[in-house]
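Structure record follows, encoded as structure tokens.
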Amino acid sequence: MYHLTKRNVLFIILLLLGIWFLFCLPKPLFNDPLSTVMVDKNNVLLSAKIADDGQWRFPTNDSVPEKFKIAICYFEDEYFYRHPGVNPVSLFRAAKQNIKAGKIVSGGSTITMQLIRLSRKRKKRTVYQKLIECILSVRAEIRYPKDNILALYASNAPFGGNVVGLEAAAWRYFKQKPDNLSWAEATTLAVLPNAPGLIYPGKNRNELKRKRDFLLEKLKDKGIIDQFDYELAIEEPLPELPFALPQETLHLLNRAIKDGHKGEYIQTTIDFYFHKKIKQVVERHHKQLKNNEIHNAAVLVLDVETGNVIAYIGNTYNQDNTHENRVDIINAPRSTGSILKPILYASMQMDGEILPGTLVPDIPTQIAGYTPKNFDRTYDGAVAADEALYRSLNIPAVRMLRQYGIEKFHHKLKKLNFSTITKSPDHYGLSIILGGAEGTLWEITGTYASMARTLNHFSDYNSAYNKQDFHHPNYILNETIQPAKKANDDIGILDAASIWLCFEALTNVDRQFQETGWENYNSARNVAWKTGTSFGFRDAWAVGITPKYVIGVWVGNATGEGRPGLTGLNTAGPLMFDIIKLLPRNEWFDISYDELVKIPVCGLSGHRASSICNEIDSIYVHQSGLRTTNCPYHKIIHIDNDGYQVNSECRDVYEMNHVSWFVLPPVQEWYYKIKHSDYNPLPPWANDCISNEAKNIMDIIYPKELSQIYIPVDLDGTIGKTIFQVAHRKSGATIYWHIDDEYIGNTYDIHEMALNPQPGKHLLTLVDENGETLVQEFEILSKN
């Protein structure tokens, strides 16, 4: 019984030792904080951020370059691939040397034992600790293949100063990847972990060179390198002080850290060489912009097919950060200015609200107290929808949005994943189309890339859609969103025809910018482009779209300070076009014929042609455009032989000529004919033939019915005046003005009058020389 119990105890002890041996090795071996490392799609180092403990410690690399592998093994552990983690011969030799010297002069450690010692941190070098290292080394050899052990060692070995690991050392000392190290460089790094606290580049150079040359000679003697390579290697100079690591994409690196990639090796979709060229263009423009106290700019270039980021310039460079240059503008919400207008235009095409050339009023406008103005403070009277888009006219855009519906447009932006649209439609109102909402360069550029992608894929999907085509950009290579192989929906968020019509409008280069000296635009490649400027000249935008790339540009001050001349046209646009010059030329988008129909349209109004339109064009329109109305501006008028308007009440039918005439409403006509010298106003009525048809001869421009007017106080304390404006069809007409039945004066030809009525409601009565009368109510708000 006694012997059986002793045997059992021994068995239990051995079992426990076996269990301890099985679980004695920590997993993972290292929990040290890591540097965050970012490389481009070809593994070119872009940026890195030091680990939290102040060490340059790159994430573990699973492989070790052949040159360094050979060098480190011949210097530290020549029998690495033969022993089980412990080399008894080396331990015996080390013990003999230590006894002879009376102190520890050699450890006899294998690379595996050194790996274990590194993982256990600051353990004293005693016989007991050496025994533990031996046991753990054997266990490590069971767990890991030899190459993995060597990779772990190379990634965690000290290389002097605050440099840990082969990859960090290669970049810090030789400014290149470990794979590209020469024999001289590989052997220099191989001797560093042996005594990193004593020798590292920049100090003890003679000792470092002696050790390196010793290892090189050993490799020559072993037949690893020949005499020629040896002689070249020993002539290579040692590295000087460590190089600073690249910081080409610091803003993207910080973004990745916020996205949860801290301490990772991040292979991005960036094309380093293209990115660097763009960065140089940005800095060239930055030098010019600084003369106007404009200090920040950002550029995002996307591949259309995948949405991958090709270049990411989060801000301009300024070493002392005096102008918020560390702010990542690409991800910062900014007022959108006019940059969302193409989305409204495409949406209205898709829903059959307008045709490309549909005339939209461009006249003084006040809607529920909101008074939009065009950038140049002028009016066209009426302008084609596509022209209003490429000229970025504000008043037509507001009127188009009111027609389309704020709620519908708000819903569309939400479907397009604009995360910055967080308030209700009523909060934004009509100003949402002119910068009343915020957007990021990331989401704006991504949306236009999604539109281009949808158009490219339309034929691939047999004239159908896949909603996955609308997605945010991506900057991590292994997270690339692969294009879908088939459609999953019959309707797109924006369909191909509406996008094609929108892009076609945005390719127009005749944008009346000659006064700015923009020859760049007239020589532009196949590109759809749009600029935008926020209120107060705080944000300048530009977006350029091709079938392969989309370029988004923002220029301004990160502080929000506005500057004269800070417009999309003058700042962001030129920068965008200089970047476009770096892109390869490409074909234009295929026409989405399956959603387009060719119809006759009125050459003057842009509406579907009626039977009385004089000039008719045939153009492709969205199939939904078949729901639009016929031209409302052409009407039949009756003219006598003297050229006066008449009707059947004063002339016989055989005395009248029936003519189709293009007629705009009075206010639109008043502004339209200023810029269109070929516009023919209606002929005057014959004196004996005035009828009810002549009533619509004048209209009030301002104030509109039930308008509320606040008259401000001038700088000298006197009460200011408001300019009242009226349009009359007849050139040279006289209008007599009355307020509350009191005559206040008359105007001839140009009908404007500065008035200062008392607070309260009033009635404006206008009578022309023929007795035609127009009455309108308005209210003057209290000046208190």
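The chains in the structure tokens are called A, B, ... from first to last as shown; in each chain the residues are counted from 1, and the ligands are counted from 1 in the order shown.
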
For A:Ser419: contacts at 10 Å, only C-alpha atoms, fewer than 4 positions along chain excluded, given as a PDB file with N, CA and C atoms, in the first residue's frame:
ATOM      1  N   PRO A 333     -17.013  68.469 -40.853  1.00  0.00           N
ATOM      2  CA  PRO A 333     -18.229  69.038 -41.450  1.00  0.00           C
ATOM      3  C   PRO A 333     -18.028  70.515 -41.784  1.00  0.00           C
ATOM      4  N   LEU A 413     -30.922  62.947 -49.600  1.00  0.00           N
ATOM      5  CA  LEU A 413     -29.596  63.079 -48.989  1.00  0.00           C
ATOM      6  C   LEU A 413     -29.371  62.040 -47.906  1.00  0.00           C
ATOM      7  N   LYS A 414     -30.412  61.737 -47.152  1.00  0.00           N
ATOM      8  CA  LYS A 414     -30.294  60.703 -46.120  1.00  0.00           C
ATOM      9  C   LYS A 414     -30.053  59.335 -46.755  1.00  0.00           C
ATOM     10  N   LYS A 415     -30.719  59.052 -47.861  1.00  0.00           N
ATOM     11  CA  LYS A 415     -30.502  57.786 -48.564  1.00  0.00           C
ATOM     12  C   LYS A 415     -29.090  57.695 -49.130  1.00  0.00           C
ATOM     13  N   GLU A 438     -24.373  71.098 -43.606  1.00  0.00           N
ATOM     14  CA  GLU A 438     -22.943  70.791 -43.630  1.00  0.00           C
ATOM     15  C   GLU A 438     -22.703  69.436 -44.275  1.00  0.00           C
ATOM     16  N   GLY A 439     -21.523  69.291 -44.830  1.00  0.00           N
ATOM     17  CA  GLY A 439     -21.105  68.020 -45.415  1.00  0.00           C
ATOM     18  C   GLY A 439     -19.609  67.873 -45.236  1.00  0.00           C
ATOM     19  N   THR A 440     -19.119  66.665 -45.417  1.00  0.00           N
ATOM     20  CA  THR A 440     -17.677  66.421 -45.357  1.00  0.00           C
ATOM     21  C   THR A 440     -17.155  66.120 -46.751  1.00  0.00           C
ATOM     22  N   GLU A 443     -17.705  62.399 -47.605  1.00  0.00           N
ATOM     23  CA  GLU A 443     -19.016  61.935 -48.050  1.00  0.00           C
ATOM     24  C   GLU A 443     -19.435  62.572 -49.368  1.00  0.00           C
TER      25      GLU A 443
END

- Where in stretch 445-660 of chain A does DSSP assign helix (DSSP H, G or I), given as number ranges by chain? A: 445-457, 467-469, 477-479, 496-506, 514-516, 519-522, 568-580, 593-595, 623-627, 653-655

Atoms kept (C-alpha atoms) for selection, written as a tab-separated table (two decimals), in the first residue's frame:
chain	number	residue	atom	x	y	z
A	445	THR	CA	-16.64	62.99	-52.94
A	446	GLY	CA	-17.88	59.49	-52.09
A	447	THR	CA	-21.39	60.34	-53.30
A	448	TYR	CA	-20.20	61.59	-56.67
A	449	ALA	CA	-18.00	58.50	-57.00
A	450	SER	CA	-21.08	56.35	-56.28
A	451	MET	CA	-23.02	58.20	-58.97
A	452	ALA	CA	-20.22	57.57	-61.47
A	453	ARG	CA	-20.05	53.91	-60.42
A	454	THR	CA	-23.80	53.49	-60.90
A	455	LEU	CA	-23.54	54.92	-64.39
A	456	ASN	CA	-20.58	52.69	-65.27
A	457	HIS	CA	-22.37	49.56	-64.07
A	467	LYS	CA	-27.75	49.49	-54.30
A	468	GLN	CA	-24.32	48.42	-53.04
A	469	ASP	CA	-22.89	50.73	-55.69
A	477	LEU	CA	-6.75	47.47	-48.97
A	478	ASN	CA	-8.13	44.24	-47.53
A	479	GLU	CA	-11.50	45.93	-46.97
A	496	ALA	CA	-28.27	56.11	-64.83
A	497	ALA	CA	-30.13	58.49	-67.13
A	498	SER	CA	-30.45	61.23	-64.50
A	499	ILE	CA	-26.77	60.89	-63.61
A	500	TRP	CA	-25.70	60.98	-67.26
A	501	LEU	CA	-27.79	64.10	-67.93
A	502	CYS	CA	-26.31	65.72	-64.81
A	503	PHE	CA	-22.72	64.92	-65.79
A	504	GLU	CA	-23.37	66.11	-69.34
A	505	ALA	CA	-24.50	69.48	-68.00
A	506	LEU	CA	-21.40	69.68	-65.79
A	514	GLN	CA	-13.47	84.80	-69.04
A	515	GLU	CA	-13.00	87.66	-66.61
A	516	THR	CA	-11.10	85.35	-64.26
A	519	GLU	CA	-8.04	79.18	-69.74
A	520	ASN	CA	-7.73	75.90	-67.80
A	521	TYR	CA	-11.44	75.31	-68.04
A	522	ASN	CA	-11.62	75.70	-71.78
A	568	GLY	CA	-14.61	77.61	-55.45
A	569	LEU	CA	-14.00	79.26	-58.79
A	570	ASN	CA	-10.84	81.11	-57.74
A	571	THR	CA	-9.20	78.66	-55.32
A	572	ALA	CA	-10.51	75.08	-55.19
A	573	GLY	CA	-11.22	74.88	-58.93
A	574	PRO	CA	-7.71	75.69	-60.18
A	575	LEU	CA	-6.25	73.22	-57.69
A	576	MET	CA	-8.65	70.52	-58.89
A	577	PHE	CA	-7.76	71.05	-62.54
A	578	ASP	CA	-4.04	70.90	-61.83
A	579	ILE	CA	-4.69	67.51	-60.23
A	580	ILE	CA	-6.79	66.37	-63.19
A	593	TYR	CA	-30.08	54.72	-73.88
A	594	ASP	CA	-32.48	52.32	-72.14
A	595	GLU	CA	-33.67	55.12	-69.85
A	623	GLN	CA	-38.03	58.85	-69.94
A	624	SER	CA	-39.76	60.44	-66.94
A	625	GLY	CA	-39.54	63.70	-68.85
A	626	LEU	CA	-42.48	62.51	-70.95
A	627	ARG	CA	-44.62	63.55	-67.99
A	653	VAL	CA	-60.53	87.81	-89.14
A	654	TYR	CA	-59.27	88.46	-92.66
A	655	GLU	CA	-57.52	91.61	-91.34

- Task: For A:Gly160, work out the shell of residues within 12 Å, counting only C-alpha atoms and skipping chain neighbours fewer than 2 positions away, then give it as a ChimeraX atom specification.
- Result: /A:55-57,156-158,162-166,168-169,172-173,188-204,208,241-242

Could you save the residues just selected, with N, CA and C atoms, as a JSON list (two decimals), in the first residue's frame?
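selection-v6.json was written with the following content:
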[["chain", "number", "residue", "atom", "x", "y", "z"],
["A", 55, "GLN", "N", 8.34, 53.75, -27.68],
["A", 55, "GLN", "CA", 9.23, 52.91, -28.49],
["A", 55, "GLN", "C", 8.71, 52.84, -29.93],
["A", 56, "TRP", "N", 9.67, 52.80, -30.86],
["A", 56, "TRP", "CA", 9.31, 52.50, -32.24],
["A", 56, "TRP", "C", 9.29, 50.99, -32.37],
["A", 57, "ARG", "N", 8.11, 50.42, -32.18],
["A", 57, "ARG", "CA", 7.94, 48.96, -32.19],
["A", 57, "ARG", "C", 6.84, 48.63, -33.19],
["A", 156, "ASN", "N", 10.86, 41.82, -32.02],
["A", 156, "ASN", "CA", 10.87, 42.30, -30.63],
["A", 156, "ASN", "C", 12.26, 42.54, -30.06],
["A", 157, "ALA", "N", 13.29, 42.25, -30.84],
["A", 157, "ALA", "CA", 14.66, 42.47, -30.36],
["A", 157, "ALA", "C", 14.98, 43.95, -30.31],
["A", 158, "PRO", "N", 15.78, 44.39, -29.34],
["A", 158, "PRO", "CA", 16.18, 45.80, -29.26],
["A", 158, "PRO", "C", 17.28, 46.11, -30.27],
["A", 162, "ASN", "N", 15.37, 53.86, -28.81],
["A", 162, "ASN", "CA", 13.97, 53.45, -28.66],
["A", 162, "ASN", "C", 13.46, 52.69, -29.88],
["A", 163, "VAL", "N", 14.40, 52.00, -30.55],
["A", 163, "VAL", "CA", 14.05, 51.23, -31.75],
["A", 163, "VAL", "C", 13.97, 49.75, -31.38],
["A", 164, "VAL", "N", 12.81, 49.16, -31.61],
["A", 164, "VAL", "CA", 12.57, 47.75, -31.31],
["A", 164, "VAL", "C", 12.08, 47.07, -32.57],
["A", 165, "GLY", "N", 12.71, 45.96, -32.91],
["A", 165, "GLY", "CA", 12.25, 45.19, -34.07],
["A", 165, "GLY", "C", 12.98, 45.55, -35.35],
["A", 166, "LEU", "N", 13.10, 44.55, -36.20],
["A", 166, "LEU", "CA", 13.85, 44.69, -37.44],
["A", 166, "LEU", "C", 13.26, 45.75, -38.36],
["A", 168, "ALA", "N", 11.30, 48.39, -37.80],
["A", 168, "ALA", "CA", 11.54, 49.76, -37.32],
["A", 168, "ALA", "C", 13.00, 50.15, -37.50],
["A", 169, "ALA", "N", 13.90, 49.21, -37.23],
["A", 169, "ALA", "CA", 15.33, 49.48, -37.35],
["A", 169, "ALA", "C", 15.72, 49.76, -38.80],
["A", 172, "ARG", "N", 14.44, 53.24, -39.58],
["A", 172, "ARG", "CA", 15.10, 54.29, -38.81],
["A", 172, "ARG", "C", 16.56, 54.48, -39.20],
["A", 173, "TYR", "N", 17.25, 53.37, -39.52],
["A", 173, "TYR", "CA", 18.68, 53.47, -39.78],
["A", 173, "TYR", "C", 19.04, 53.53, -41.26],
["A", 188, "THR", "N", 24.88, 44.78, -40.19],
["A", 188, "THR", "CA", 24.91, 45.86, -39.18],
["A", 188, "THR", "C", 23.76, 45.68, -38.20],
["A", 189, "LEU", "N", 22.57, 45.40, -38.72],
["A", 189, "LEU", "CA", 21.42, 45.22, -37.84],
["A", 189, "LEU", "C", 21.51, 43.90, -37.06],
["A", 190, "ALA", "N", 22.13, 42.90, -37.65],
["A", 190, "ALA", "CA", 22.22, 41.60, -36.97],
["A", 190, "ALA", "C", 23.08, 41.66, -35.71],
["A", 191, "VAL", "N", 24.06, 42.56, -35.67],
["A", 191, "VAL", "CA", 24.94, 42.62, -34.49],
["A", 191, "VAL", "C", 24.39, 43.53, -33.41],
["A", 192, "LEU", "N", 23.34, 44.32, -33.70],
["A", 192, "LEU", "CA", 22.84, 45.29, -32.72],
["A", 192, "LEU", "C", 22.14, 44.65, -31.52],
["A", 193, "PRO", "N", 21.26, 43.65, -31.68],
["A", 193, "PRO", "CA", 20.56, 43.12, -30.51],
["A", 193, "PRO", "C", 21.50, 42.52, -29.46],
["A", 194, "ASN", "N", 22.71, 42.17, -29.85],
["A", 194, "ASN", "CA", 23.66, 41.56, -28.92],
["A", 194, "ASN", "C", 24.02, 42.50, -27.77],
["A", 195, "ALA", "N", 24.10, 43.80, -28.05],
["A", 195, "ALA", "CA", 24.42, 44.78, -27.01],
["A", 195, "ALA", "C", 23.83, 46.12, -27.41],
["A", 196, "PRO", "N", 22.50, 46.28, -27.44],
["A", 196, "PRO", "CA", 21.88, 47.50, -27.94],
["A", 196, "PRO", "C", 22.14, 48.71, -27.06],
["A", 197, "GLY", "N", 22.36, 48.49, -25.77],
["A", 197, "GLY", "CA", 22.60, 49.61, -24.89],
["A", 197, "GLY", "C", 23.99, 50.19, -25.02],
["A", 198, "LEU", "N", 24.89, 49.43, -25.63],
["A", 198, "LEU", "CA", 26.27, 49.87, -25.74],
["A", 198, "LEU", "C", 26.58, 50.43, -27.12],
["A", 199, "ILE", "N", 26.08, 49.75, -28.14],
["A", 199, "ILE", "CA", 26.39, 50.19, -29.49],
["A", 199, "ILE", "C", 25.10, 50.36, -30.29],
["A", 200, "TYR", "N", 24.94, 51.51, -30.83],
["A", 200, "TYR", "CA", 23.87, 51.76, -31.79],
["A", 200, "TYR", "C", 24.33, 52.88, -32.69],
["A", 201, "PRO", "N", 23.79, 52.93, -33.89],
["A", 201, "PRO", "CA", 24.29, 53.90, -34.86],
["A", 201, "PRO", "C", 24.34, 55.31, -34.29],
["A", 202, "GLY", "N", 25.46, 55.96, -34.52],
["A", 202, "GLY", "CA", 25.68, 57.30, -34.00],
["A", 202, "GLY", "C", 26.67, 57.33, -32.86],
["A", 203, "LYS", "N", 26.95, 56.16, -32.25],
["A", 203, "LYS", "CA", 27.92, 56.07, -31.15],
["A", 203, "LYS", "C", 28.73, 54.79, -31.32],
["A", 204, "ASN", "N", 29.92, 54.77, -30.70],
["A", 204, "ASN", "CA", 30.76, 53.56, -30.71],
["A", 204, "ASN", "C", 30.91, 52.99, -32.11],
["A", 208, "LEU", "N", 31.10, 49.04, -33.57],
["A", 208, "LEU", "CA", 30.04, 48.57, -34.45],
["A", 208, "LEU", "C", 30.61, 48.07, -35.77],
["A", 241, "LEU", "N", 22.94, 59.20, -37.49],
["A", 241, "LEU", "CA", 21.82, 59.24, -36.55],
["A", 241, "LEU", "C", 20.55, 58.74, -37.23],
["A", 242, "PRO", "N", 19.62, 58.18, -36.46],
["A", 242, "PRO", "CA", 18.40, 57.61, -37.05],
["A", 242, "PRO", "C", 17.62, 58.62, -37.87]]

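Using only C-alpha atoms, the shortest contact distance between A:Phe458 and any of A:Phe589, A:Tyr679, A:Tyr736, A:Trp670 is found at A:Phe589.
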
Could you give me, as a PDB file with C-alpha atoms, in the first residue's frame, the residues within 7 Å of stretch 753-767 of chain A, counting only C-alpha atoms and dropping anything in the same chain fewer than 4 positions from it?
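And here's around-v1.pdb as it stands now:
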ATOM      1  CA  LYS A 721     -35.670 103.557 -47.611  1.00  0.00           C
ATOM      2  CA  THR A 722     -36.678 100.467 -49.602  1.00  0.00           C
ATOM      3  CA  ILE A 723     -36.445 100.276 -53.373  1.00  0.00           C
ATOM      4  CA  PHE A 724     -39.788  99.244 -54.895  1.00  0.00           C
ATOM      5  CA  GLN A 725     -39.482  97.725 -58.410  1.00  0.00           C
ATOM      6  CA  ILE A 735     -46.487 104.264 -64.375  1.00  0.00           C
ATOM      7  CA  TYR A 736     -48.276 106.345 -61.737  1.00  0.00           C
ATOM      8  CA  TRP A 737     -47.655 105.248 -58.130  1.00  0.00           C
ATOM      9  CA  HIS A 738     -50.099 105.408 -55.223  1.00  0.00           C
ATOM     10  CA  ILE A 739     -49.835 104.183 -51.625  1.00  0.00           C
ATOM     11  CA  ASP A 740     -53.078 103.911 -49.710  1.00  0.00           C
ATOM     12  CA  GLY A 771     -55.258 102.882 -67.371  1.00  0.00           C
ATOM     13  CA  GLU A 772     -54.056  99.348 -66.623  1.00  0.00           C
ATOM     14  CA  THR A 773     -54.047  98.888 -62.839  1.00  0.00           C
ATOM     15  CA  LEU A 774     -52.118  96.610 -60.504  1.00  0.00           C
ATOM     16  CA  VAL A 775     -52.759  96.465 -56.749  1.00  0.00           C
ATOM     17  CA  GLN A 776     -50.651  94.742 -54.106  1.00  0.00           C
ATOM     18  CA  GLU A 777     -50.621  94.641 -50.297  1.00  0.00           C
ATOM     19  CA  PHE A 778     -47.442  94.808 -48.207  1.00  0.00           C
ATOM     20  CA  GLU A 779     -46.477  95.434 -44.577  1.00  0.00           C
ATOM     21  CA  ILE A 780     -43.769  97.629 -43.056  1.00  0.00           C
ATOM     22  CA  LEU A 781     -42.429  96.179 -39.816  1.00  0.00           C
ATOM     23  CA  SER A 782     -41.845  98.381 -36.801  1.00  0.00           C
TER      24      SER A 782
END

- Counting only C-alpha atoms, the residue among A:Gly263, A:Ala311, A:Ile616, A:Leu131 that lies closest to A:Tyr549 is A:Ala311

- Determine, counting only C-alpha atoms, which protein, DNA and RNA residues have an atom within 9 Å of an atom of A:Leu216; residues of the same chain fewer than 5 positions away are not included. Present the result as number ranges by chain. A: 71, 183-184, 187, 211, 221, 225, 230, 233-234

Limited to all heavy atoms, could you put the picked residues into a file as a compact mmCIF listing (two decimals), in the first residue's frame?
# COMPACT_ATOMS: atom_id res chain seq x y z
N ALA A 71 22.24 36.34 -41.51
CA ALA A 71 23.18 37.13 -40.70
C ALA A 71 22.95 36.91 -39.22
O ALA A 71 23.90 36.70 -38.44
CB ALA A 71 23.06 38.60 -41.06
N TRP A 183 23.85 43.43 -47.91
CA TRP A 183 24.54 42.57 -46.95
C TRP A 183 25.18 43.39 -45.83
O TRP A 183 25.15 43.00 -44.66
CB TRP A 183 25.62 41.73 -47.66
CG TRP A 183 25.06 40.50 -48.32
CD1 TRP A 183 24.99 40.24 -49.64
CD2 TRP A 183 24.51 39.37 -47.64
NE1 TRP A 183 24.41 39.00 -49.86
CE2 TRP A 183 24.12 38.44 -48.65
CE3 TRP A 183 24.29 39.04 -46.31
CZ2 TRP A 183 23.53 37.22 -48.36
CZ3 TRP A 183 23.69 37.82 -46.01
CH2 TRP A 183 23.32 36.92 -47.01
N ALA A 184 25.71 44.55 -46.17
CA ALA A 184 26.32 45.40 -45.14
C ALA A 184 25.26 45.88 -44.15
O ALA A 184 25.49 45.91 -42.93
CB ALA A 184 27.02 46.58 -45.79
N THR A 187 23.91 42.85 -41.95
CA THR A 187 24.86 42.44 -40.90
C THR A 187 24.99 43.51 -39.82
O THR A 187 25.19 43.19 -38.64
CB THR A 187 26.23 42.13 -41.51
OG1 THR A 187 26.66 43.24 -42.32
CG2 THR A 187 26.18 40.87 -42.36
N LYS A 211 32.39 44.65 -35.36
CA LYS A 211 31.46 43.51 -35.27
C LYS A 211 30.82 43.22 -36.63
O LYS A 211 30.66 42.06 -37.02
CB LYS A 211 30.39 43.79 -34.23
CG LYS A 211 30.90 43.74 -32.80
CD LYS A 211 29.77 43.50 -31.82
CE LYS A 211 30.31 43.23 -30.43
NZ LYS A 211 29.26 42.75 -29.51
N ASP A 221 33.67 33.40 -45.34
CA ASP A 221 34.36 32.13 -45.08
C ASP A 221 33.41 30.94 -45.21
O ASP A 221 33.83 29.84 -45.58
CB ASP A 221 34.99 32.15 -43.69
CG ASP A 221 36.12 33.17 -43.59
OD1 ASP A 221 36.63 33.59 -44.65
OD2 ASP A 221 36.47 33.56 -42.45
N ILE A 225 28.62 34.68 -49.06
CA ILE A 225 28.88 35.75 -50.02
C ILE A 225 30.26 35.54 -50.62
O ILE A 225 31.13 34.90 -50.00
CB ILE A 225 28.79 37.14 -49.34
CG1 ILE A 225 29.82 37.28 -48.22
CG2 ILE A 225 27.38 37.40 -48.82
CD1 ILE A 225 29.84 38.65 -47.59
N TYR A 230 31.84 40.76 -50.52
CA TYR A 230 32.45 41.09 -49.23
C TYR A 230 33.18 42.43 -49.30
O TYR A 230 33.03 43.29 -48.42
CB TYR A 230 33.42 39.97 -48.83
CG TYR A 230 34.33 40.33 -47.68
CD1 TYR A 230 33.83 40.39 -46.38
CD2 TYR A 230 35.68 40.62 -47.90
CE1 TYR A 230 34.67 40.74 -45.32
CE2 TYR A 230 36.52 40.97 -46.85
CZ TYR A 230 36.01 41.03 -45.56
OH TYR A 230 36.83 41.38 -44.51
N ALA A 233 30.75 45.22 -49.42
CA ALA A 233 30.02 45.40 -48.16
C ALA A 233 30.85 46.14 -47.12
O ALA A 233 30.34 47.03 -46.44
CB ALA A 233 29.56 44.05 -47.62
N ILE A 234 32.12 45.80 -46.98
CA ILE A 234 32.91 46.44 -45.93
C ILE A 234 33.22 47.89 -46.25
O ILE A 234 33.62 48.66 -45.38
CB ILE A 234 34.22 45.66 -45.65
CG1 ILE A 234 35.11 45.64 -46.90
CG2 ILE A 234 33.92 44.27 -45.15
CD1 ILE A 234 36.48 45.03 -46.64
